[in-house]
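Engineer: If it helps, the file is called start.pdb and holds PDB, C-alpha atoms:
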ATOM      1  CA  MET A   1      14.922 -12.568   2.405  1.00  0.00           C
ATOM      2  CA  LYS A   2      11.116 -12.570   2.605  1.00  0.00           C
ATOM      3  CA  TYR A   3       8.945  -9.955   0.926  1.00  0.00           C
ATOM      4  CA  ALA A   4       5.420  -8.614   1.221  1.00  0.00           C
ATOM      5  CA  VAL A   5       3.982  -6.919  -1.859  1.00  0.00           C
ATOM      6  CA  SER A   6       0.932  -4.764  -2.526  1.00  0.00           C
ATOM      7  CA  ALA A   7      -1.454  -7.200  -4.193  1.00  0.00           C
ATOM      8  CA  CYS A   8      -2.413  -4.664  -6.871  1.00  0.00           C
ATOM      9  CA  LEU A   9       1.210  -4.625  -8.083  1.00  0.00           C
ATOM     10  CA  MET A  10       0.972  -8.348  -8.752  1.00  0.00           C
ATOM     11  CA  GLY A  11      -2.131  -7.924 -10.936  1.00  0.00           C
ATOM     12  CA  ILE A  12      -4.798  -8.556  -8.292  1.00  0.00           C
ATOM     13  CA  ASN A  13      -7.882  -6.399  -8.887  1.00  0.00           C
ATOM     14  CA  CYS A  14      -8.102  -4.741  -5.469  1.00  0.00           C
ATOM     15  CA  LYS A  15      -7.699  -1.041  -6.336  1.00  0.00           C
ATOM     16  CA  TYR A  16     -10.424   1.428  -5.453  1.00  0.00           C
ATOM     17  CA  ASP A  17     -11.665   1.346  -9.065  1.00  0.00           C
ATOM     18  CA  GLY A  18     -11.701  -2.451  -9.249  1.00  0.00           C
ATOM     19  CA  GLY A  19      -8.495  -2.592 -11.283  1.00  0.00           C
ATOM     20  CA  ASN A  20      -4.842  -3.194 -10.465  1.00  0.00           C
ATOM     21  CA  ASN A  21      -1.388  -1.629 -10.825  1.00  0.00           C
ATOM     22  CA  GLU A  22       0.342  -4.629 -12.374  1.00  0.00           C
ATOM     23  CA  HIS A  23       4.117  -4.117 -12.440  1.00  0.00           C
ATOM     24  CA  ILE A  24       5.789  -6.621 -14.759  1.00  0.00           C
ATOM     25  CA  LYS A  25       9.393  -5.785 -13.765  1.00  0.00           C
ATOM     26  CA  LEU A  26       8.507  -6.287 -10.100  1.00  0.00           C
ATOM     27  CA  GLN A  27       6.876  -9.623 -10.910  1.00  0.00           C
ATOM     28  CA  GLU A  28      10.045 -10.695 -12.726  1.00  0.00           C
ATOM     29  CA  PHE A  29      12.155  -9.668  -9.731  1.00  0.00           C
ATOM     30  CA  LEU A  30       9.984 -11.710  -7.352  1.00  0.00           C
ATOM     31  CA  LYS A  31       9.562 -14.849  -9.502  1.00  0.00           C
ATOM     32  CA  ASP A  32      12.190 -16.858  -7.573  1.00  0.00           C
ATOM     33  CA  LYS A  33      11.706 -15.173  -4.189  1.00  0.00           C
ATOM     34  CA  GLU A  34       9.504 -15.864  -1.189  1.00  0.00           C
ATOM     35  CA  TYR A  35       6.696 -13.324  -0.833  1.00  0.00           C
ATOM     36  CA  ILE A  36       3.168 -12.761   0.398  1.00  0.00           C
ATOM     37  CA  LEU A  37       0.477 -10.429  -0.946  1.00  0.00           C
ATOM     38  CA  ILE A  38      -1.068  -7.674   1.135  1.00  0.00           C
ATOM     39  CA  CYS A  39      -3.798  -5.074   0.703  1.00  0.00           C
ATOM     40  CA  PRO A  40      -4.427  -3.004   3.829  1.00  0.00           C
ATOM     41  CA  GLU A  41      -7.592  -1.410   2.463  1.00  0.00           C
ATOM     42  CA  VAL A  42      -9.263  -4.745   1.717  1.00  0.00           C
ATOM     43  CA  ALA A  43      -7.907  -6.194   4.984  1.00  0.00           C
ATOM     44  CA  GLY A  44      -9.556  -3.271   6.782  1.00  0.00           C
ATOM     45  CA  GLY A  45     -12.956  -4.187   5.354  1.00  0.00           C
ATOM     46  CA  MET A  46     -13.212  -1.938   2.321  1.00  0.00           C
ATOM     47  CA  SER A  47     -14.956  -3.205  -0.801  1.00  0.00           C
ATOM     48  CA  VAL A  48     -13.679  -3.494  -4.362  1.00  0.00           C
ATOM     49  CA  PRO A  49     -14.524  -1.220  -6.027  1.00  0.00           C
ATOM     50  CA  ARG A  50     -14.814   1.607  -3.483  1.00  0.00           C
ATOM     51  CA  ILE A  51     -15.001   5.380  -3.387  1.00  0.00           C
ATOM     52  CA  PRO A  52     -11.447   6.783  -3.674  1.00  0.00           C
ATOM     53  CA  CYS A  53      -9.853   8.089  -0.493  1.00  0.00           C
ATOM     54  CA  GLU A  54      -7.121  10.579   0.328  1.00  0.00           C
ATOM     55  CA  ILE A  55      -5.582  11.837   3.558  1.00  0.00           C
ATOM     56  CA  LYS A  56      -6.302  15.415   4.604  1.00  0.00           C
ATOM     57  CA  ASN A  57      -5.042  16.832   7.912  1.00  0.00           C
ATOM     58  CA  GLY A  58      -4.369  13.306   9.188  1.00  0.00           C
ATOM     59  CA  VAL A  59      -7.891  12.048   8.411  1.00  0.00           C
ATOM     60  CA  VAL A  60      -8.653   9.588   5.604  1.00  0.00           C
ATOM     61  CA  LEU A  61     -11.654  10.912   3.702  1.00  0.00           C
ATOM     62  CA  ASN A  62     -13.412   9.463   0.705  1.00  0.00           C
ATOM     63  CA  ARG A  63     -14.399  11.710  -2.189  1.00  0.00           C
ATOM     64  CA  HIS A  64     -17.789  12.315  -0.501  1.00  0.00           C
ATOM     65  CA  GLY A  65     -16.072  13.635   2.644  1.00  0.00           C
ATOM     66  CA  GLU A  66     -16.824  10.572   4.804  1.00  0.00           C
ATOM     67  CA  ASP A  67     -14.178   9.643   7.395  1.00  0.00           C
ATOM     68  CA  MET A  68     -12.729   6.255   6.451  1.00  0.00           C
ATOM     69  CA  SER A  69      -9.780   6.404   8.853  1.00  0.00           C
ATOM     70  CA  GLU A  70     -10.899   3.422  10.918  1.00  0.00           C
ATOM     71  CA  TYR A  71     -10.812   1.092   7.891  1.00  0.00           C
ATOM     72  CA  PHE A  72      -7.274   2.239   7.096  1.00  0.00           C
ATOM     73  CA  ARG A  73      -6.042   1.875  10.677  1.00  0.00           C
ATOM     74  CA  LEU A  74      -7.613  -1.569  11.048  1.00  0.00           C
ATOM     75  CA  GLY A  75      -6.187  -2.734   7.715  1.00  0.00           C
ATOM     76  CA  ALA A  76      -2.727  -1.450   8.618  1.00  0.00           C
ATOM     77  CA  GLN A  77      -2.883  -3.237  11.969  1.00  0.00           C
ATOM     78  CA  LYS A  78      -4.022  -6.538  10.402  1.00  0.00           C
ATOM     79  CA  GLU A  79      -1.410  -6.472   7.653  1.00  0.00           C
ATOM     80  CA  LEU A  80       1.329  -5.508  10.125  1.00  0.00           C
ATOM     81  CA  GLN A  81       0.445  -8.604  12.172  1.00  0.00           C
ATOM     82  CA  LYS A  82       0.669 -10.656   8.972  1.00  0.00           C
ATOM     83  CA  LEU A  83       4.165  -9.258   8.288  1.00  0.00           C
ATOM     84  CA  LYS A  84       5.314 -10.229  11.756  1.00  0.00           C
ATOM     85  CA  LYS A  85       3.767 -13.702  11.526  1.00  0.00           C
ATOM     86  CA  HIS A  86       5.556 -14.376   8.228  1.00  0.00           C
ATOM     87  CA  LYS A  87       8.803 -12.698   9.383  1.00  0.00           C
ATOM     88  CA  ILE A  88       8.848 -10.318   6.417  1.00  0.00           C
ATOM     89  CA  ASP A  89      12.086  -8.403   5.791  1.00  0.00           C
ATOM     90  CA  VAL A  90      11.025  -6.006   3.008  1.00  0.00           C
ATOM     91  CA  VAL A  91       7.657  -4.558   1.991  1.00  0.00           C
ATOM     92  CA  ILE A  92       7.121  -3.321  -1.580  1.00  0.00           C
ATOM     93  CA  LEU A  93       4.183  -0.924  -1.758  1.00  0.00           C
ATOM     94  CA  GLN A  94       2.092   0.897  -4.351  1.00  0.00           C
ATOM     95  CA  PRO A  95       3.161   4.553  -4.656  1.00  0.00           C
ATOM     96  CA  ARG A  96       0.871   7.483  -3.802  1.00  0.00           C
ATOM     97  CA  SER A  97      -1.763   5.341  -2.082  1.00  0.00           C
ATOM     98  CA  PRO A  98      -3.336   6.611   1.170  1.00  0.00           C
ATOM     99  CA  SER A  99      -2.417   3.195   2.610  1.00  0.00           C
ATOM    100  CA  CYS A 100       0.798   2.238   0.867  1.00  0.00           C
ATOM    101  CA  GLY A 101       2.301   5.461  -0.462  1.00  0.00           C
ATOM    102  CA  ILE A 102       5.968   5.979   0.412  1.00  0.00           C
ATOM    103  CA  GLY A 103       7.307   9.507   0.495  1.00  0.00           C
ATOM    104  CA  GLN A 104       4.413  10.971  -1.481  1.00  0.00           C
ATOM    105  CA  ILE A 105       0.648  10.705  -1.260  1.00  0.00           C
ATOM    106  CA  TYR A 106      -2.217  12.764  -2.628  1.00  0.00           C
ATOM    107  CA  ASP A 107      -3.069  15.837  -0.538  1.00  0.00           C
ATOM    108  CA  GLY A 108      -6.775  15.212   0.100  1.00  0.00           C
ATOM    109  CA  SER A 109      -8.057  17.632  -2.538  1.00  0.00           C
ATOM    110  CA  PHE A 110      -8.723  14.880  -5.122  1.00  0.00           C
ATOM    111  CA  THR A 111      -6.851  16.964  -7.719  1.00  0.00           C
ATOM    112  CA  LYS A 112      -3.865  14.560  -8.048  1.00  0.00           C
ATOM    113  CA  THR A 113      -1.723  17.009  -6.064  1.00  0.00           C
ATOM    114  CA  LEU A 114       1.114  15.199  -4.279  1.00  0.00           C
ATOM    115  CA  ILE A 115       2.581  16.053  -0.880  1.00  0.00           C
ATOM    116  CA  GLN A 116       5.565  14.683   1.017  1.00  0.00           C
ATOM    117  CA  LYS A 117       4.000  12.162   3.390  1.00  0.00           C
ATOM    118  CA  ASN A 118       3.554   8.406   3.822  1.00  0.00           C
ATOM    119  CA  GLY A 119       0.354   6.396   3.661  1.00  0.00           C
ATOM    120  CA  ILE A 120      -1.119   4.869   6.838  1.00  0.00           C
ATOM    121  CA  PHE A 121       0.276   1.346   6.324  1.00  0.00           C
ATOM    122  CA  ALA A 122       3.619   2.528   4.957  1.00  0.00           C
ATOM    123  CA  GLN A 123       4.116   4.696   8.043  1.00  0.00           C
ATOM    124  CA  ALA A 124       3.122   1.819  10.344  1.00  0.00           C
ATOM    125  CA  CYS A 125       5.796  -0.349   8.688  1.00  0.00           C
ATOM    126  CA  ILE A 126       8.407   2.399   9.049  1.00  0.00           C
ATOM    127  CA  ASN A 127       7.471   2.803  12.722  1.00  0.00           C
ATOM    128  CA  GLU A 128       8.163  -0.937  13.175  1.00  0.00           C
ATOM    129  CA  ASN A 129      11.562  -0.598  11.426  1.00  0.00           C
ATOM    130  CA  ILE A 130      10.442  -2.703   8.464  1.00  0.00           C
ATOM    131  CA  THR A 131      12.154  -1.796   5.192  1.00  0.00           C
ATOM    132  CA  VAL A 132       9.650  -0.216   2.812  1.00  0.00           C
ATOM    133  CA  LEU A 133      10.265   0.200  -0.920  1.00  0.00           C
ATOM    134  CA  SER A 134       8.386   1.298  -3.987  1.00  0.00           C
ATOM    135  CA  PRO A 135       8.323  -1.079  -6.977  1.00  0.00           C
ATOM    136  CA  ASP A 136      10.861   1.054  -8.821  1.00  0.00           C
ATOM    137  CA  ASP A 137      13.318   0.679  -5.922  1.00  0.00           C
ATOM    138  CA  VAL A 138      13.679  -3.074  -6.500  1.00  0.00           C
ATOM    139  CA  ILE A 139      16.094  -2.576  -9.386  1.00  0.00           C
ATOM    140  CA  TYR A 140      18.622  -1.508  -6.740  1.00  0.00           C
ATOM    141  CA  LEU A 141      18.329  -4.694  -4.634  1.00  0.00           C
TER     142      LEU A 141
END
Write out the structure in this file as structure tokens.
Structural biologist:
Amino acid sequence: MKYAVSACLMGINCKYDGGNNEHIKLQEFLKDKEYILICPEVAGGMSVPRIPCEIKNGVVLNRHGEDMSEYFRLGAQKELQKLKKHKIDVVILQPRSPSCGIGQIYDGSFTKTLIQKNGIFAQACINENITVLSPDDVIYL
């Protein structure tokens, strides 16, 4: 089985604030497995650090109200091509992200309010019938 993993979960500083979401248990799970790193936001041309973004009414807006949707769509498209090229079976994504969130993302109010929805890249993977998991799901594999 081949995996793709949000780079921030593996300790790469690619989050909006220049940090990461390092997940030690996930790293332990993957230590003897084949995987690639992905970051749709960086792949789409966004900088590190960058102004935080959330999805509101289907549009990705940064905290200043600027439409960043094109970066997110481009990044999702590029990373989806990468998944296909590497014949990835399972994608493990950072929760709550406007790109990678699975099941829940922030509502666009920048108040940390969660709604039931997927991020742009997570939804693109689901649409392509690629298995998508959060890091906490890996304990069940």
Engineer: Contacts of A:Thr111 at 12 Å or less, counting only C-alpha atoms, minus same-chain residues fewer than 2 places along, as a list in words?
Structural biologist: Pro52, Cys53, Glu54, Arg63, Ile105, Tyr106, Asp107, Gly108, Ser109, Thr113, Leu114 and Ile115 of chain A
Engineer: Near A:Ala76, counting all atoms listed in the file, which residues have an atom at most 8 Å away, once you skip same-chain residues fewer than 6 positions from it, shown as a short mmCIF file (atom, residue, chain, number, x, y, z; two decimals) with C-alpha atoms, in the coordinates of the input?
Structural biologist:
data_model
loop_
_atom_site.label_atom_id
_atom_site.label_comp_id
_atom_site.auth_asym_id
_atom_site.auth_seq_id
_atom_site.Cartn_x
_atom_site.Cartn_y
_atom_site.Cartn_z
CA PRO A 40 -4.43 -3.00 3.83
CA GLU A 41 -7.59 -1.41 2.46
CA ALA A 43 -7.91 -6.19 4.98
CA GLY A 44 -9.56 -3.27 6.78
CA SER A 99 -2.42 3.20 2.61
CA ILE A 120 -1.12 4.87 6.84
CA PHE A 121 0.28 1.35 6.32
CA ALA A 124 3.12 1.82 10.34
#
Engineer: If the PyMOL selection byres ((chain A and resi 130-132) around 6) is run on the structure shown, which residues does it catch, given as a ChimeraX atom specification?
Structural biologist: /A:90-92,125-126,128-129,133
Engineer: Find the residues near stretch 5-22 of chain A: any atom within 6 Å, counting only C-alpha atoms, skip ones fewer than 3 places away on the same chain, and give them as a compact mmCIF listing (two decimals) with C-alpha atoms, in the coordinates of the input.
Structural biologist:
# COMPACT_ATOMS: atom_id res chain seq x y z
CA LEU A 37 0.48 -10.43 -0.95
CA ILE A 38 -1.07 -7.67 1.14
CA CYS A 39 -3.80 -5.07 0.70
CA VAL A 48 -13.68 -3.49 -4.36
CA PRO A 49 -14.52 -1.22 -6.03
CA ARG A 50 -14.81 1.61 -3.48
CA PRO A 52 -11.45 6.78 -3.67
CA VAL A 91 7.66 -4.56 1.99
CA ILE A 92 7.12 -3.32 -1.58
CA LEU A 93 4.18 -0.92 -1.76
Engineer: Using only C-alpha atoms, can you tell me which of A:Ser69, A:Ser97, A:Gln123, A:Gln81 comes closest to A:Asn57?
Structural biologist: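 Closest residue, counting only C-alpha atoms: A:Ser69.
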Engineer: Skipping near chain neighbours, those fewer than 5 positions away, what residues fall within 8 Å of A:Lys33 using only C-alpha atoms, listed as a tab-separated table (two decimals) with C-alpha atoms, in the frame of the given file?
Structural biologist:
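After the write, result.tsv holds the following:
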chain	number	residue	atom	x	y	z
A	1	MET	CA	14.92	-12.57	2.40
A	2	LYS	CA	11.12	-12.57	2.60
A	3	TYR	CA	8.94	-9.96	0.93
Engineer: Under the rule that only C-alpha atoms are counted, which of A:Asp136, A:Gly103, A:Lys117, A:Leu80 is the nearest residue to A:Ile24?
Structural biologist: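 Using only C-alpha atoms, the shortest distance to A:Ile24 belongs to A:Asp136.
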Engineer: Mind giving me the straight-line distance from atom CA of A:Pro95 to atom CA of A:Pro135 in Å, one decimal?
Structural biologist: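 These two atoms are separated by 8.0 Å.
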